[in-house]
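K.L.:
This is the content of input.pdb (PDB, C-alpha atoms):
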```
ATOM      1  CA  MET A 271      73.824  80.542 116.352  1.00  0.00           C
ATOM      2  CA  VAL A 272      75.328  81.003 112.868  1.00  0.00           C
ATOM      3  CA  GLN A 273      72.877  81.297 109.987  1.00  0.00           C
ATOM      4  CA  ARG A 274      73.577  79.103 107.009  1.00  0.00           C
ATOM      5  CA  GLY A 275      72.568  79.057 103.380  1.00  0.00           C
ATOM      6  CA  LYS A 276      70.540  81.585 101.421  1.00  0.00           C
ATOM      7  CA  ALA A 277      69.076  83.319 104.504  1.00  0.00           C
ATOM      8  CA  ALA A 278      72.572  84.153 105.783  1.00  0.00           C
ATOM      9  CA  VAL A 279      73.600  85.604 102.417  1.00  0.00           C
ATOM     10  CA  GLU A 280      70.446  87.730 102.204  1.00  0.00           C
ATOM     11  CA  THR A 281      71.083  89.066 105.713  1.00  0.00           C
ATOM     12  CA  VAL A 282      74.636  90.103 104.808  1.00  0.00           C
ATOM     13  CA  VAL A 283      73.600  91.668 101.489  1.00  0.00           C
ATOM     14  CA  SER A 284      70.765  93.689 103.018  1.00  0.00           C
ATOM     15  CA  ALA A 285      72.990  94.910 105.862  1.00  0.00           C
ATOM     16  CA  GLU A 286      75.738  96.088 103.492  1.00  0.00           C
ATOM     17  CA  GLY A 287      73.662  97.575 100.682  1.00  0.00           C
ATOM     18  CA  PRO A 288      72.937 101.295 100.490  1.00  0.00           C
ATOM     19  CA  GLN A 289      69.632 102.362 101.874  1.00  0.00           C
ATOM     20  CA  SER A 290      67.200 105.016 100.710  1.00  0.00           C
ATOM     21  CA  ARG A 291      68.385 108.621 100.473  1.00  0.00           C
ATOM     22  CA  HIS A 292      65.258 109.514 102.466  1.00  0.00           C
ATOM     23  CA  GLU A 293      66.819 107.860 105.510  1.00  0.00           C
ATOM     24  CA  ASP A 294      69.820 110.190 105.358  1.00  0.00           C
ATOM     25  CA  PRO A 295      70.037 112.953 107.962  1.00  0.00           C
ATOM     26  CA  ILE A 296      69.170 116.426 106.705  1.00  0.00           C
ATOM     27  CA  GLU A 297      72.691 117.709 107.499  1.00  0.00           C
ATOM     28  CA  GLY A 298      74.097 115.833 104.526  1.00  0.00           C
ATOM     29  CA  ARG A 299      71.502 116.327 101.827  1.00  0.00           C
ATOM     30  CA  LEU A 300      72.265 118.248  98.634  1.00  0.00           C
ATOM     31  CA  SER A 301      69.468 119.876  96.684  1.00  0.00           C
ATOM     32  CA  ILE A 302      68.947 118.613  93.146  1.00  0.00           C
ATOM     33  CA  ARG A 303      69.887 122.013  91.732  1.00  0.00           C
ATOM     34  CA  ARG A 304      73.118 122.197  93.732  1.00  0.00           C
ATOM     35  CA  TRP A 305      73.996 118.601  92.827  1.00  0.00           C
ATOM     36  CA  TYR A 306      73.530 119.144  89.086  1.00  0.00           C
ATOM     37  CA  ASP A 307      75.520 122.373  89.210  1.00  0.00           C
ATOM     38  CA  LEU A 308      78.352 120.634  91.013  1.00  0.00           C
ATOM     39  CA  SER A 309      78.337 117.355  89.082  1.00  0.00           C
ATOM     40  CA  SER A 310      78.416 119.106  85.709  1.00  0.00           C
ATOM     41  CA  ARG A 311      81.725 120.712  86.665  1.00  0.00           C
ATOM     42  CA  LEU A 312      83.512 117.712  88.154  1.00  0.00           C
ATOM     43  CA  PRO A 313      86.418 116.587  85.997  1.00  0.00           C
ATOM     44  CA  GLY A 314      86.459 113.250  84.198  1.00  0.00           C
ATOM     45  CA  GLN A 315      84.890 110.286  85.907  1.00  0.00           C
ATOM     46  CA  LEU A 316      84.591 111.916  89.331  1.00  0.00           C
ATOM     47  CA  SER A 317      80.834 112.407  88.936  1.00  0.00           C
ATOM     48  CA  ALA A 318      80.333 108.665  88.328  1.00  0.00           C
ATOM     49  CA  LYS A 319      80.145 105.820  90.830  1.00  0.00           C
ATOM     50  CA  SER A 320      83.271 104.797  92.666  1.00  0.00           C
ATOM     51  CA  ILE A 321      84.833 101.372  92.319  1.00  0.00           C
ATOM     52  CA  ASN A 322      82.906 100.262  95.401  1.00  0.00           C
ATOM     53  CA  GLY A 323      79.573 101.428  93.957  1.00  0.00           C
ATOM     54  CA  LEU A 324      78.959 104.524  96.066  1.00  0.00           C
ATOM     55  CA  ASP A 325      77.661 107.210  93.754  1.00  0.00           C
ATOM     56  CA  THR A 326      79.269 110.616  93.934  1.00  0.00           C
ATOM     57  CA  ARG A 327      76.201 112.439  95.224  1.00  0.00           C
ATOM     58  CA  ARG A 328      75.893 110.083  98.201  1.00  0.00           C
ATOM     59  CA  PHE A 329      79.624 110.372  98.777  1.00  0.00           C
ATOM     60  CA  LEU A 330      79.439 114.177  98.881  1.00  0.00           C
ATOM     61  CA  GLU A 331      76.403 114.055 101.135  1.00  0.00           C
ATOM     62  CA  ALA A 332      78.244 111.702 103.493  1.00  0.00           C
ATOM     63  CA  VAL A 333      81.253 114.030 103.654  1.00  0.00           C
ATOM     64  CA  LEU A 334      78.978 117.026 104.225  1.00  0.00           C
ATOM     65  CA  TRP A 335      77.286 115.159 107.073  1.00  0.00           C
ATOM     66  CA  VAL A 336      80.629 114.423 108.745  1.00  0.00           C
ATOM     67  CA  ALA A 337      81.704 118.052 108.340  1.00  0.00           C
ATOM     68  CA  ALA A 338      78.398 119.632 109.416  1.00  0.00           C
ATOM     69  CA  THR A 339      78.012 117.479 112.513  1.00  0.00           C
ATOM     70  CA  ASP A 340      81.713 117.538 113.441  1.00  0.00           C
ATOM     71  CA  SER A 341      81.540 113.762 113.724  1.00  0.00           C
ATOM     72  CA  THR A 342      84.169 111.114 113.246  1.00  0.00           C
ATOM     73  CA  TRP A 343      84.104 108.976 110.126  1.00  0.00           C
ATOM     74  CA  SER A 344      83.066 105.922 112.112  1.00  0.00           C
ATOM     75  CA  GLN A 345      79.948 107.790 113.298  1.00  0.00           C
ATOM     76  CA  LEU A 346      78.700 108.143 109.710  1.00  0.00           C
ATOM     77  CA  PRO A 347      75.103 106.833 109.497  1.00  0.00           C
ATOM     78  CA  LYS A 348      74.889 103.404 107.903  1.00  0.00           C
ATOM     79  CA  SER A 349      72.517 104.767 105.253  1.00  0.00           C
ATOM     80  CA  TYR A 350      75.594 106.326 103.588  1.00  0.00           C
ATOM     81  CA  GLY A 351      77.375 102.992 103.351  1.00  0.00           C
ATOM     82  CA  ASN A 352      80.721 101.880 104.720  1.00  0.00           C
ATOM     83  CA  PHE A 353      82.445 104.789 106.469  1.00  0.00           C
ATOM     84  CA  HIS A 354      85.917 103.537 105.580  1.00  0.00           C
ATOM     85  CA  ILE A 355      85.135 103.531 101.862  1.00  0.00           C
ATOM     86  CA  VAL A 356      83.797 107.093 102.147  1.00  0.00           C
ATOM     87  CA  TYR A 357      86.914 108.159 104.045  1.00  0.00           C
ATOM     88  CA  GLN A 358      89.250 106.568 101.487  1.00  0.00           C
ATOM     89  CA  ARG A 359      87.523 108.415  98.668  1.00  0.00           C
ATOM     90  CA  PHE A 360      87.654 111.661 100.677  1.00  0.00           C
ATOM     91  CA  VAL A 361      91.431 111.225 101.053  1.00  0.00           C
ATOM     92  CA  ARG A 362      91.791 110.472  97.336  1.00  0.00           C
ATOM     93  CA  TRP A 363      89.868 113.649  96.416  1.00  0.00           C
ATOM     94  CA  THR A 364      92.067 115.625  98.813  1.00  0.00           C
ATOM     95  CA  LYS A 365      95.216 114.315  97.115  1.00  0.00           C
ATOM     96  CA  LEU A 366      93.737 115.198  93.706  1.00  0.00           C
ATOM     97  CA  ASP A 367      92.809 118.749  94.873  1.00  0.00           C
ATOM     98  CA  VAL A 368      89.176 118.280  93.855  1.00  0.00           C
ATOM     99  CA  TRP A 369      87.789 119.991  96.947  1.00  0.00           C
ATOM    100  CA  ASP A 370      88.620 123.519  95.776  1.00  0.00           C
ATOM    101  CA  LEU A 371      86.230 123.013  92.858  1.00  0.00           C
ATOM    102  CA  VAL A 372      83.579 121.711  95.258  1.00  0.00           C
ATOM    103  CA  PHE A 373      84.113 124.742  97.513  1.00  0.00           C
ATOM    104  CA  SER A 374      83.503 127.112  94.611  1.00  0.00           C
ATOM    105  CA  ARG A 375      80.186 125.380  93.788  1.00  0.00           C
ATOM    106  CA  LEU A 376      79.003 125.347  97.426  1.00  0.00           C
ATOM    107  CA  GLN A 377      79.305 129.107  97.965  1.00  0.00           C
ATOM    108  CA  GLY A 378      76.510 130.258 100.256  1.00  0.00           C
ATOM    109  CA  ASP A 379      75.995 126.806 101.788  1.00  0.00           C
ATOM    110  CA  ALA A 380      76.097 126.974 105.602  1.00  0.00           C
ATOM    111  CA  ARG A 381      78.143 123.758 105.711  1.00  0.00           C
ATOM    112  CA  LEU A 382      80.961 125.152 103.556  1.00  0.00           C
ATOM    113  CA  PRO A 383      83.192 126.419 106.428  1.00  0.00           C
ATOM    114  CA  ALA A 384      82.956 123.050 108.182  1.00  0.00           C
ATOM    115  CA  LEU A 385      83.809 121.234 104.949  1.00  0.00           C
ATOM    116  CA  GLN A 386      86.761 123.543 104.335  1.00  0.00           C
ATOM    117  CA  ARG A 387      88.014 122.864 107.860  1.00  0.00           C
ATOM    118  CA  LEU A 388      87.707 119.088 107.363  1.00  0.00           C
ATOM    119  CA  VAL A 389      89.661 119.247 104.100  1.00  0.00           C
ATOM    120  CA  ARG A 390      92.293 121.560 105.612  1.00  0.00           C
ATOM    121  CA  LEU A 391      92.832 119.085 108.464  1.00  0.00           C
ATOM    122  CA  GLU A 392      93.237 116.206 106.008  1.00  0.00           C
ATOM    123  CA  ARG A 393      95.726 118.217 103.942  1.00  0.00           C
ATOM    124  CA  GLU A 394      97.751 118.926 107.087  1.00  0.00           C
ATOM    125  CA  ILE A 395      97.782 115.204 107.911  1.00  0.00           C
ATOM    126  CA  GLN A 396      98.966 114.384 104.401  1.00  0.00           C
ATOM    127  CA  GLN A 397     101.708 117.023 104.578  1.00  0.00           C
ATOM    128  CA  ARG A 398     102.977 115.648 107.901  1.00  0.00           C
ATOM    129  CA  ARG A 399     103.020 112.113 106.487  1.00  0.00           C
ATOM    130  CA  HIS A 400     104.878 113.310 103.405  1.00  0.00           C
ATOM    131  CA  MET A 401     107.499 115.099 105.521  1.00  0.00           C
ATOM    132  CA  LYS A 402     108.255 111.868 107.434  1.00  0.00           C
ATOM    133  CA  THR A 403     109.113 109.977 104.243  1.00  0.00           C
TER     134      THR A 403
END
```
Would it be possible to restate this file's structure as structure tokens?
P.N.:
Amino acid sequence: MVQRGKAAVETVVSAEGPQSRHEDPIEGRLSIRRWYDLSSRLPGQLSAKSINGLDTRRFLEAVLWVAATDSTWSQLPKSYGNFHIVYQRFVRWTKLDVWDLVFSRLQGDARLPALQRLVRLEREIQQRRHMKT
């Protein structure tokens, strides 16, 4: 049965809204120190929220989770938000060559090789698409 009225709207809003960072898997979490070090070096508005409201720290943690677990984007835990929005932002950062800066700030992090591999694969996809046009 279809819900109607205010109850239906509240159900949709609560299902779509970001949840607590404490619900995020450990594979994606960034320490406060590492986050501040990284965010202070991001160019321009990249350390702010995206158009869709996902803040940059949660975005980076979501990408780290995908890389560290070798998961697909659609397997991203709902606590990170909409996987497609995260993926679109990941692609945008790849096109802007932001990841090299992130790599330099994540030196010593065990997830760095997996993140580098994920970005390298996306760059290869973009190059193949560019060659077709």
K.L.:
Point out the residue among A:Arg362, A:Glu392, A:Leu334, A:Trp343 with the least atom-to-atom distance to Ala380 (chain A), counting all atoms listed in the file.
P.N.:
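Distance minimum relative to Ala380 (chain A) lands on A:Leu334.
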K.L.:
Any idea what the distance is between CA of Val333 (chain A) and CA of Val356 (chain A)?
P.N.:
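Separation between CA of Val333 (chain A) and CA of Val356 (chain A): 7.5 Å.
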K.L.:
The PyMOL selection byres ((chain A and resi 384) around 10) - which residues does that actually catch in the file I just gave you? List them as a tab-separated table (two decimals) with C-alpha atoms, in the coordinates of the input.
P.N.:
```tsv
chain	number	residue	atom	x	y	z
A	334	LEU	CA	78.98	117.03	104.22
A	335	TRP	CA	77.29	115.16	107.07
A	336	VAL	CA	80.63	114.42	108.74
A	337	ALA	CA	81.70	118.05	108.34
A	338	ALA	CA	78.40	119.63	109.42
A	339	THR	CA	78.01	117.48	112.51
A	340	ASP	CA	81.71	117.54	113.44
A	380	ALA	CA	76.10	126.97	105.60
A	381	ARG	CA	78.14	123.76	105.71
A	382	LEU	CA	80.96	125.15	103.56
A	383	PRO	CA	83.19	126.42	106.43
A	385	LEU	CA	83.81	121.23	104.95
A	386	GLN	CA	86.76	123.54	104.34
A	387	ARG	CA	88.01	122.86	107.86
A	388	LEU	CA	87.71	119.09	107.36
A	389	VAL	CA	89.66	119.25	104.10
A	390	ARG	CA	92.29	121.56	105.61
```
K.L.:
Compare A:Val361, A:Pro313, A:Ser341, A:Leu346 by their minimum atom-to-atom distance to Gln396 (chain A), counting all atoms listed in the file, and give me the closest one.
P.N.:
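Smallest distance to Gln396 (chain A) is found for A:Val361.
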K.L.:
Output the residue selection produced by the PyMOL selection byres ((chain A and resi 298) around 6) on the file above, formatted as a list in words.
P.N.:
Ile296, Glu297, Arg299, Glu331, Ala332, Leu334 and Trp335 of chain A
K.L.:
Using only C-alpha atoms, which residue out of A:Leu376, A:Asn352, A:Thr342, A:Glu394 lies closest to Thr364 (chain A)?
P.N.:
A:Glu394
K.L.:
Work out how far apart CA of His400 (chain A) and CA of Tyr357 (chain A) are and give it in Å to one decimal.
P.N.:
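CA of Tyr357 (chain A) lies at a distance of 18.7 Å from CA of His400 (chain A).
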K.L.:
Could you please determine the separation between CA of Gly351 (chain A) and CA of Ser301 (chain A) in Å, to one decimal place?
P.N.:
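Computing it gives 19.8 Å between the two atoms.
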K.L.:
With all atoms of region 353-359 of chain A from the file as input, state the centre and edge lengths in Å to one decimal of the axis-aligned box that has 5 Å extra on each side, as AutoDock Vina command-line options.
P.N.:
```
--center_x 85.8 --center_y 106.0 --center_z 102.6 --size_x 16.8 --size_y 14.9 --size_z 17.8
```
K.L.:
Can you work out which one of A:Asp325, A:Lys402, A:Leu312, A:Tyr350 has the shortest atom-to-atom distance to Trp369 (chain A), counting only C-alpha atoms?
P.N.:
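Smallest distance to Trp369 (chain A) is found for A:Leu312.
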K.L.:
For region 374-388 of chain A of the block above, can you save all heavy atoms as a short mmCIF file (atom, residue, chain, number, x, y, z; two decimals), in the first residue's frame?
P.N.:
```
data_model
loop_
_atom_site.label_atom_id
_atom_site.label_comp_id
_atom_site.auth_asym_id
_atom_site.auth_seq_id
_atom_site.Cartn_x
_atom_site.Cartn_y
_atom_site.Cartn_z
N SER A 374 49.51 12.40 -2.05
CA SER A 374 50.66 12.93 -1.32
C SER A 374 50.34 13.11 0.17
O SER A 374 51.22 12.99 1.01
CB SER A 374 51.13 14.25 -1.93
OG SER A 374 50.19 15.28 -1.69
N ARG A 375 49.09 13.40 0.51
CA ARG A 375 48.70 13.61 1.90
C ARG A 375 48.37 12.29 2.61
O ARG A 375 48.30 12.25 3.83
CB ARG A 375 47.49 14.54 2.01
CG ARG A 375 47.64 15.90 1.36
CD ARG A 375 48.95 16.60 1.54
NE ARG A 375 49.45 16.68 2.90
CZ ARG A 375 50.67 17.03 3.22
NH1 ARG A 375 51.55 17.33 2.30
NH2 ARG A 375 51.05 17.08 4.48
N LEU A 376 48.16 11.22 1.86
CA LEU A 376 47.83 9.92 2.46
C LEU A 376 49.04 8.98 2.53
O LEU A 376 48.86 7.78 2.74
CB LEU A 376 46.69 9.24 1.68
CG LEU A 376 45.32 9.88 1.81
CD1 LEU A 376 44.30 9.12 0.95
CD2 LEU A 376 44.85 9.94 3.25
N GLN A 377 50.24 9.52 2.35
CA GLN A 377 51.43 8.68 2.45
C GLN A 377 51.45 7.93 3.78
O GLN A 377 51.19 8.51 4.82
CB GLN A 377 52.70 9.52 2.31
CG GLN A 377 52.90 10.08 0.92
CD GLN A 377 53.05 9.00 -0.14
OE1 GLN A 377 53.71 7.98 0.06
NE2 GLN A 377 52.41 9.22 -1.27
N GLY A 378 51.73 6.65 3.72
CA GLY A 378 51.77 5.82 4.93
C GLY A 378 50.44 5.17 5.27
O GLY A 378 50.37 4.31 6.14
N ASP A 379 49.37 5.57 4.61
CA ASP A 379 48.05 4.97 4.84
C ASP A 379 47.99 3.64 4.08
O ASP A 379 48.33 3.58 2.90
CB ASP A 379 46.95 5.91 4.34
CG ASP A 379 45.56 5.49 4.77
OD1 ASP A 379 45.20 4.32 4.53
OD2 ASP A 379 44.84 6.32 5.33
N ALA A 380 47.56 2.59 4.73
CA ALA A 380 47.52 1.26 4.12
C ALA A 380 46.56 1.19 2.94
O ALA A 380 46.69 0.31 2.08
CB ALA A 380 47.12 0.22 5.17
N ARG A 381 45.61 2.11 2.87
CA ARG A 381 44.63 2.10 1.78
C ARG A 381 45.12 2.83 0.53
O ARG A 381 44.47 2.77 -0.52
CB ARG A 381 43.32 2.75 2.25
CG ARG A 381 42.71 2.02 3.43
CD ARG A 381 41.64 2.82 4.07
NE ARG A 381 42.24 4.02 4.69
CZ ARG A 381 41.58 4.87 5.44
NH1 ARG A 381 40.31 4.70 5.68
NH2 ARG A 381 42.19 5.93 5.96
N LEU A 382 46.25 3.50 0.63
CA LEU A 382 46.75 4.30 -0.49
C LEU A 382 46.95 3.50 -1.78
O LEU A 382 46.48 3.93 -2.83
CB LEU A 382 48.04 5.04 -0.11
CG LEU A 382 48.65 5.92 -1.20
CD1 LEU A 382 47.66 6.99 -1.65
CD2 LEU A 382 49.94 6.55 -0.69
N PRO A 383 47.59 2.33 -1.77
CA PRO A 383 47.74 1.58 -3.03
C PRO A 383 46.40 1.22 -3.68
O PRO A 383 46.27 1.29 -4.90
CB PRO A 383 48.52 0.32 -2.62
CG PRO A 383 49.22 0.70 -1.36
CD PRO A 383 48.32 1.68 -0.67
N ALA A 384 45.42 0.87 -2.87
CA ALA A 384 44.10 0.54 -3.42
C ALA A 384 43.44 1.77 -4.03
O ALA A 384 42.82 1.69 -5.10
CB ALA A 384 43.22 -0.06 -2.33
N LEU A 385 43.60 2.91 -3.37
CA LEU A 385 43.05 4.16 -3.90
C LEU A 385 43.75 4.54 -5.21
O LEU A 385 43.10 4.94 -6.17
CB LEU A 385 43.18 5.29 -2.88
CG LEU A 385 42.70 6.66 -3.33
CD1 LEU A 385 41.21 6.63 -3.67
CD2 LEU A 385 42.97 7.70 -2.23
N GLN A 386 45.05 4.40 -5.25
CA GLN A 386 45.79 4.70 -6.47
C GLN A 386 45.34 3.81 -7.63
O GLN A 386 45.20 4.26 -8.76
CB GLN A 386 47.30 4.55 -6.23
CG GLN A 386 47.86 5.63 -5.34
CD GLN A 386 49.29 5.38 -4.92
OE1 GLN A 386 49.68 4.23 -4.65
NE2 GLN A 386 50.08 6.44 -4.84
N ARG A 387 45.10 2.54 -7.32
CA ARG A 387 44.64 1.61 -8.35
C ARG A 387 43.26 2.01 -8.86
O ARG A 387 43.00 2.03 -10.07
CB ARG A 387 44.59 0.18 -7.80
CG ARG A 387 44.20 -0.86 -8.83
CD ARG A 387 44.19 -2.28 -8.27
NE ARG A 387 43.44 -2.42 -7.05
CZ ARG A 387 42.10 -2.47 -6.97
NH1 ARG A 387 41.38 -2.37 -8.07
NH2 ARG A 387 41.49 -2.62 -5.82
N LEU A 388 42.36 2.39 -7.96
CA LEU A 388 41.01 2.82 -8.34
C LEU A 388 41.06 4.04 -9.24
O LEU A 388 40.37 4.11 -10.26
CB LEU A 388 40.18 3.10 -7.08
CG LEU A 388 38.71 3.43 -7.26
CD1 LEU A 388 37.96 2.21 -7.79
CD2 LEU A 388 38.12 3.88 -5.93
#
```
